[in-house]
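Quick look at data_38.tsv (TSV, C-alpha atoms and all ligand atoms):
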```
chain	number	residue	atom	x	y	z
A	24	MET	CA	0.00	0.00	0.00
A	25	ASP	CA	1.46	3.33	-1.04
A	26	LEU	CA	0.43	5.84	1.59
A	27	LYS	CA	2.23	8.68	-0.17
A	28	ARG	CA	-0.28	8.40	-3.03
A	29	MET	CA	-3.27	8.59	-0.72
A	30	ARG	CA	-4.09	12.23	-1.06
A	31	VAL	CA	-7.33	14.14	-1.10
A	32	GLU	CA	-7.56	17.61	-2.62
A	33	TYR	CA	-10.05	19.62	-0.58
A	34	ASP	CA	-12.27	21.79	-2.72
A	35	ALA	CA	-14.89	23.19	-0.39
A	36	PRO	CA	-16.34	26.70	-0.37
A	37	PRO	CA	-14.63	29.08	2.05
A	38	LEU	CA	-15.43	29.37	5.72
A	39	ARG	CA	-15.81	33.12	6.20
A	40	ARG	CA	-15.44	35.05	9.42
A	41	SER	CA	-18.58	37.03	8.55
A	42	GLU	CA	-20.66	33.83	8.36
A	43	LEU	CA	-19.60	32.43	11.73
A	44	ARG	CA	-22.13	32.42	14.55
A	45	GLY	CA	-21.25	34.41	17.66
A	46	ASP	CA	-21.63	31.29	19.81
A	47	PRO	CA	-19.34	28.37	18.85
A	48	VAL	CA	-21.76	25.77	20.17
A	49	GLU	CA	-24.42	27.07	17.77
A	50	GLN	CA	-21.82	26.94	14.99
A	51	PHE	CA	-21.00	23.36	16.02
A	52	LYS	CA	-24.65	22.31	15.90
A	53	GLU	CA	-24.94	23.69	12.38
A	54	TRP	CA	-21.86	21.74	11.24
A	55	LEU	CA	-23.04	18.57	12.98
A	56	ARG	CA	-26.36	18.80	11.15
A	57	GLU	CA	-24.58	19.35	7.83
A	58	ALA	CA	-22.29	16.36	8.52
A	59	ALA	CA	-25.34	14.16	9.19
A	60	GLU	CA	-27.14	15.45	6.10
A	61	GLY	CA	-23.94	14.99	4.10
A	62	GLY	CA	-24.05	11.24	4.75
A	63	GLU	CA	-21.29	10.95	7.36
A	64	LEU	CA	-21.66	7.46	8.89
A	65	GLU	CA	-21.30	8.42	12.58
A	66	PRO	CA	-21.25	12.22	12.61
A	67	ASN	CA	-21.50	12.23	16.41
A	68	ALA	CA	-18.36	10.10	16.87
A	69	MET	CA	-15.58	12.10	18.52
A	70	THR	CA	-12.10	11.37	19.75
A	71	LEU	CA	-11.84	12.08	23.46
A	72	ALA	CA	-8.33	12.75	24.71
A	73	THR	CA	-7.57	12.69	28.42
A	74	VAL	CA	-4.52	13.22	30.60
A	75	GLY	CA	-3.08	9.79	31.35
A	76	LEU	CA	-2.47	8.68	34.92
A	77	GLU	CA	1.29	8.78	34.70
A	78	GLY	CA	1.71	12.00	32.78
A	79	GLY	CA	0.98	10.42	29.41
A	80	VAL	CA	-1.94	11.06	27.09
A	81	SER	CA	-4.80	8.78	26.21
A	82	ALA	CA	-7.41	8.96	23.44
A	83	ARG	CA	-10.39	6.95	22.23
A	84	VAL	CA	-13.62	7.45	20.27
A	85	VAL	CA	-16.92	8.00	22.10
A	86	LEU	CA	-20.34	9.16	20.90
A	87	LEU	CA	-21.72	12.63	21.51
A	88	LYS	CA	-25.20	12.11	22.96
A	89	GLY	CA	-26.28	15.66	23.57
A	90	VAL	CA	-25.40	19.30	23.33
A	91	GLU	CA	-26.89	20.88	26.41
A	92	ARG	CA	-26.45	24.24	28.08
A	93	GLY	CA	-23.42	24.95	25.94
A	94	SER	CA	-21.70	21.65	26.77
A	95	PHE	CA	-20.97	18.35	25.00
A	96	VAL	CA	-22.43	15.21	26.62
A	97	PHE	CA	-21.18	11.60	26.40
A	98	PHE	CA	-21.77	8.45	28.44
A	99	THR	CA	-19.39	5.83	29.71
A	100	ASN	CA	-18.23	3.71	32.64
A	101	TYR	CA	-16.87	5.90	35.46
A	102	GLU	CA	-14.47	3.13	36.48
A	103	SER	CA	-13.00	2.66	32.99
A	104	CYS	CA	-9.53	3.89	32.13
A	105	LYS	CA	-10.96	7.26	30.98
A	106	GLY	CA	-13.16	7.50	34.07
A	107	ARG	CA	-10.21	6.98	36.39
A	108	GLU	CA	-8.16	9.51	34.45
A	109	LEU	CA	-10.96	12.10	34.57
A	110	ALA	CA	-11.29	11.68	38.33
A	111	ILE	CA	-7.67	12.87	38.70
A	112	ASP	CA	-7.53	15.48	35.93
A	113	ASN	CA	-10.68	16.59	34.13
A	114	ARG	CA	-9.03	18.48	31.28
A	115	VAL	CA	-10.03	16.99	27.92
A	116	ALA	CA	-9.90	17.51	24.18
A	117	LEU	CA	-12.60	16.38	21.74
A	118	THR	CA	-12.05	16.04	18.00
A	119	PHE	CA	-14.71	15.53	15.35
A	120	ALA	CA	-13.53	14.64	11.84
A	121	TRP	CA	-16.11	14.84	9.04
A	122	TYR	CA	-14.29	13.55	6.00
A	123	ARG	CA	-17.05	13.96	3.44
A	124	LEU	CA	-17.14	17.71	4.03
A	125	GLY	CA	-13.41	18.03	4.71
A	126	ARG	CA	-14.11	19.48	8.15
A	127	GLN	CA	-12.77	19.16	11.65
A	128	VAL	CA	-13.90	20.60	14.98
A	129	ARG	CA	-11.62	20.61	18.01
A	130	VAL	CA	-12.81	21.35	21.52
A	131	ARG	CA	-10.69	21.88	24.62
A	132	GLY	CA	-12.35	22.06	28.00
A	133	VAL	CA	-13.13	20.34	31.26
A	134	ALA	CA	-15.38	17.34	31.90
A	135	ARG	CA	-17.84	17.17	34.78
A	136	LYS	CA	-20.11	14.28	35.74
A	137	LEU	CA	-23.81	14.64	34.92
A	138	SER	CA	-26.25	14.45	37.82
A	139	ARG	CA	-27.35	10.91	38.76
A	140	GLY	CA	-30.87	11.87	37.68
A	141	ALA	CA	-29.70	12.84	34.19
A	142	SER	CA	-27.56	9.69	33.82
A	143	ARG	CA	-30.40	7.45	35.01
A	144	ALA	CA	-32.85	9.12	32.65
A	145	TYR	CA	-30.55	8.55	29.69
A	146	PHE	CA	-29.81	4.94	30.73
A	147	ALA	CA	-33.53	4.19	30.98
A	148	GLY	CA	-33.92	4.97	27.29
A	149	ARG	CA	-31.16	2.63	26.11
A	150	PRO	CA	-31.94	-0.75	24.50
A	151	ARG	CA	-32.34	-3.44	27.16
A	152	ARG	CA	-29.43	-5.47	25.81
A	153	SER	CA	-27.11	-2.45	26.14
A	154	GLN	CA	-28.37	-1.90	29.67
A	155	ILE	CA	-27.51	-5.50	30.59
A	156	ALA	CA	-24.11	-5.17	28.92
A	157	ALA	CA	-23.35	-2.14	31.11
A	158	TRP	CA	-23.76	-4.41	34.14
A	159	ALA	CA	-21.83	-7.30	32.59
A	160	SER	CA	-18.73	-5.45	31.40
A	161	ARG	CA	-16.18	-3.89	33.72
A	162	GLN	CA	-14.90	-1.63	31.00
A	163	SER	CA	-11.10	-1.52	30.60
A	164	GLU	CA	-10.45	-4.44	33.03
A	165	VAL	CA	-8.48	-7.48	31.82
A	166	ILE	CA	-10.73	-10.50	31.17
A	167	GLY	CA	-9.81	-14.10	30.51
A	168	SER	CA	-11.92	-14.80	27.45
A	169	ARG	CA	-14.95	-13.91	25.33
A	170	GLU	CA	-16.77	-16.81	27.04
A	171	GLU	CA	-16.26	-15.17	30.43
A	172	LEU	CA	-17.85	-11.95	29.15
A	173	GLU	CA	-20.79	-13.80	27.63
A	174	ALA	CA	-21.29	-15.81	30.82
A	175	ARG	CA	-21.39	-12.58	32.85
A	176	TYR	CA	-23.93	-11.19	30.37
A	177	LYS	CA	-26.14	-14.27	30.86
A	178	GLU	CA	-25.86	-13.96	34.65
A	179	CYS	CA	-26.98	-10.34	34.50
A	180	GLU	CA	-29.77	-11.20	32.08
A	181	ALA	CA	-31.09	-13.79	34.57
A	182	ARG	CA	-30.67	-11.41	37.50
A	183	PHE	CA	-32.85	-8.76	35.87
A	184	ALA	CA	-35.36	-11.14	34.23
A	185	GLY	CA	-38.83	-9.60	34.27
A	186	LYS	CA	-37.52	-6.39	35.88
A	187	GLU	CA	-36.36	-3.02	34.74
A	188	VAL	CA	-32.58	-2.78	34.45
A	189	PRO	CA	-31.38	0.03	36.76
A	190	CYS	CA	-28.46	2.27	35.88
A	191	PRO	CA	-25.27	0.78	37.38
A	192	PRO	CA	-23.74	3.14	39.96
A	193	TRP	CA	-20.47	3.17	37.98
A	194	TRP	CA	-22.14	4.18	34.71
A	195	GLY	CA	-23.12	7.69	33.64
A	196	GLY	CA	-22.46	10.79	31.63
A	197	TYR	CA	-20.05	13.66	31.51
A	198	ARG	CA	-20.51	17.07	30.05
A	199	VAL	CA	-17.56	18.86	28.52
A	200	ILE	CA	-17.61	22.59	29.15
A	201	PRO	CA	-15.66	24.20	26.32
A	202	GLU	CA	-12.88	26.74	26.80
A	203	GLU	CA	-11.84	26.79	23.17
A	204	ILE	CA	-13.46	25.52	19.95
A	205	GLU	CA	-11.79	25.44	16.55
A	206	PHE	CA	-13.46	25.03	13.16
A	207	TRP	CA	-11.32	23.76	10.28
A	208	GLN	CA	-12.46	23.74	6.69
A	209	GLY	CA	-10.20	21.96	4.21
A	210	ARG	CA	-9.48	24.15	1.15
A	211	ARG	CA	-7.49	24.00	-2.07
A	212	ASP	CA	-3.70	23.75	-2.05
A	213	ARG	CA	-3.69	23.09	1.68
A	214	LEU	CA	-4.70	26.72	2.30
A	215	HIS	CA	-7.38	25.71	4.76
A	216	ASP	CA	-9.63	28.02	6.78
A	217	ARG	CA	-9.24	27.81	10.55
A	218	PHE	CA	-11.11	29.86	13.12
A	219	VAL	CA	-10.82	29.44	16.84
A	220	TYR	CA	-13.20	30.76	19.48
A	221	ARG	CA	-11.52	31.51	22.80
A	222	ARG	CA	-13.06	32.71	26.00
A	223	GLY	CA	-12.17	36.34	26.51
A	224	GLU	CA	-13.13	38.77	29.23
A	225	ARG	CA	-16.32	37.99	31.17
A	226	GLY	CA	-16.68	34.73	29.27
A	227	LYS	CA	-17.31	36.46	25.94
A	228	TRP	CA	-16.15	34.47	22.91
A	229	VAL	CA	-13.36	35.98	20.82
A	230	ILE	CA	-12.75	34.64	17.31
A	231	VAL	CA	-9.33	34.57	15.64
A	232	ARG	CA	-8.11	33.05	12.39
A	233	LEU	CA	-5.19	30.62	12.54
A	234	ALA	CA	-2.69	29.73	9.86
A	235	PRO	CA	-3.45	26.34	8.37
B	301	LIG	C1	-17.58	4.64	16.95
B	301	LIG	C2	-17.29	4.34	18.39
B	301	LIG	C3	-18.13	4.80	19.38
B	301	LIG	C4	-17.87	4.55	20.72
B	301	LIG	N1	-18.70	5.10	21.66
B	301	LIG	C5	-18.41	4.92	22.99
B	301	LIG	C6	-19.19	5.60	23.99
B	301	LIG	O1	-20.10	6.39	23.71
B	301	LIG	N2	-18.85	5.37	25.30
B	301	LIG	C7	-17.84	4.54	25.66
B	301	LIG	O2	-17.60	4.36	26.85
B	301	LIG	N3	-17.07	3.92	24.73
B	301	LIG	C8	-17.32	4.09	23.39
B	301	LIG	N4	-16.54	3.48	22.45
B	301	LIG	C9	-15.43	2.61	22.90
B	301	LIG	C10	-14.24	3.48	23.31
B	301	LIG	O3	-13.53	3.90	22.14
B	301	LIG	C11	-13.25	2.74	24.24
B	301	LIG	O4	-12.84	1.53	23.67
B	301	LIG	C12	-13.85	2.43	25.61
B	301	LIG	O5	-14.65	3.50	26.08
B	301	LIG	C13	-12.75	2.15	26.63
B	301	LIG	O6	-11.90	3.25	26.74
B	301	LIG	P1	-10.92	3.47	27.98
B	301	LIG	O7	-10.30	2.13	28.30
B	301	LIG	O8	-9.91	4.47	27.53
B	301	LIG	O9	-11.75	3.99	29.13
B	301	LIG	C14	-16.75	3.74	21.09
B	301	LIG	C15	-15.90	3.28	20.08
B	301	LIG	C16	-16.15	3.57	18.76
B	301	LIG	C17	-15.20	3.08	17.71
```
Could you write out this file's structure as structure tokens?
Amino acid sequence: MDLKRMRVEYDAPPLRRSELRGDPVEQFKEWLREAAEGGELEPNAMTLATVGLEGGVSARVVLLKGVERGSFVFFTNYESCKGRELAIDNRVALTFAWYRLGRQVRVRGVARKLSRGASRAYFAGRPRRSQIAAWASRQSEVIGSREELEARYKECEARFAGKEVPCPPWWGGYRVIPEEIEFWQGRRDRLHDRFVYRRGERGKWVIVRLAP
């Protein structure tokens, strides 16, 4: 495979300063909608980077499940690798890559746990099989085999037979409160458009253009 020949020429219309919304979260929602309408397979998939426990970095993909009160919501296991990292240092970065539109959004901010009520309400709406899996899987722990995982799933299935599956105490959501959001539009000749919103005085958003 010749990676040097794998090259896309971006040919999108410009991203203009005059067309940007004053609020970056509103701008994000517009781009998310366009990514979904543009046929992106999982437009709400985002890379979540955290500060690793021993000074390293750590990243993985999670799904954005809400944009609420100016923050980005995702759900996970609080005792997973990411959950343990966030308990020590809640600084995060989120990256969305929408290849069909040649766009990227980067968010830097801090993650805070959702209320138990909000996590339980979201969990209650998940498919039953996913709810059982949340009980069966100790995310990020070493397990002996696939059979072990499936056996744990069956145990949990039997335990909750005929009952509602409650939200496990170690499962829930986080909301990422943004401090900085960047919008990147791929353009011809690698002369891309980049605008970053930063929090200025009294929380007001300030927009600057960055070199591509
Ligand atoms: C498209 C996609 C969506 C995912 N969505 C989630 C999610 O919403 N929550 C989650 O905990 N893991 C999700 N995962 C799995 C994570 O990438 C990761 O494997 C898992 O959360 C364990 O990460 P950790 O060991 O760093 O905590 C997703 C993976 C992919 C590829």
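With only C-alpha atoms and all ligand atoms as the atoms that count, the minimum distance from ligand LIG 301 (chain B) to the choices A:Asp112, A:Glu205, A:Glu173, A:Glu102 is reached by A:Glu102.
The space separating CA of Lys177 in chain A from CA of Lys105 in chain A comes to 26.3 Å.
The nearest approach to Leu124 in chain A among the residues A:Lys227, A:Arg92, A:Arg56, A:Lys27, with all atoms listed in the file taken into account, belongs to A:Arg56.
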For the point (-28.3, 2.3, 28.5) in the file's frame, write as a VMD selection string all residues with an atom no more than 9 Å away, counting all atoms listed in the file. chain A and resid 98 143 145 to 157 188 190 194
Using the selection just defined, write its residues with C-alpha atoms as a tab-separated table (two decimals), in the coordinates of the input.
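The resulting again-v4.tsv:
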```tsv
chain	number	residue	atom	x	y	z
A	98	PHE	CA	-21.77	8.45	28.44
A	143	ARG	CA	-30.40	7.45	35.01
A	145	TYR	CA	-30.55	8.55	29.69
A	146	PHE	CA	-29.81	4.94	30.73
A	147	ALA	CA	-33.53	4.19	30.98
A	148	GLY	CA	-33.92	4.97	27.29
A	149	ARG	CA	-31.16	2.63	26.11
A	150	PRO	CA	-31.94	-0.75	24.50
A	151	ARG	CA	-32.34	-3.44	27.16
A	152	ARG	CA	-29.43	-5.47	25.81
A	153	SER	CA	-27.11	-2.45	26.14
A	154	GLN	CA	-28.37	-1.90	29.67
A	155	ILE	CA	-27.51	-5.50	30.59
A	156	ALA	CA	-24.11	-5.17	28.92
A	157	ALA	CA	-23.35	-2.14	31.11
A	188	VAL	CA	-32.58	-2.78	34.45
A	190	CYS	CA	-28.46	2.27	35.88
A	194	TRP	CA	-22.14	4.18	34.71
```
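Among the candidates A:Leu87, A:Ala59, A:Leu38, A:Val31, the residue lying nearest to ligand LIG 301 (chain B) is A:Leu87 (atoms considered: only C-alpha atoms and all ligand atoms).
Taking only C-alpha atoms into account, Thr73 in chain A lies nearest to A:Val199 out of the set A:Val199, A:Leu172, A:Pro36, A:Ser160.
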Pick out the residues no farther than 10 Å from ligand LIG 301 (chain B), counting all atoms listed in the file, and list them as a PyMOL selection string. chain A and resi 64-73+75+81-88+96-109+157+161-164+194-196
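Across the model, the gap from CA of Phe206 in chain A to CA of Ile111 in chain A is 28.9 Å.
You will find CA of Arg129 in chain A at 5.6 Å from CA of Ile204 in chain A.
If you measure from each of A:Pro201, A:Pro235, A:Leu214, A:Ala141 to Asp46 in chain A using all atoms listed in the file, the closest one turns out to be A:Pro201.
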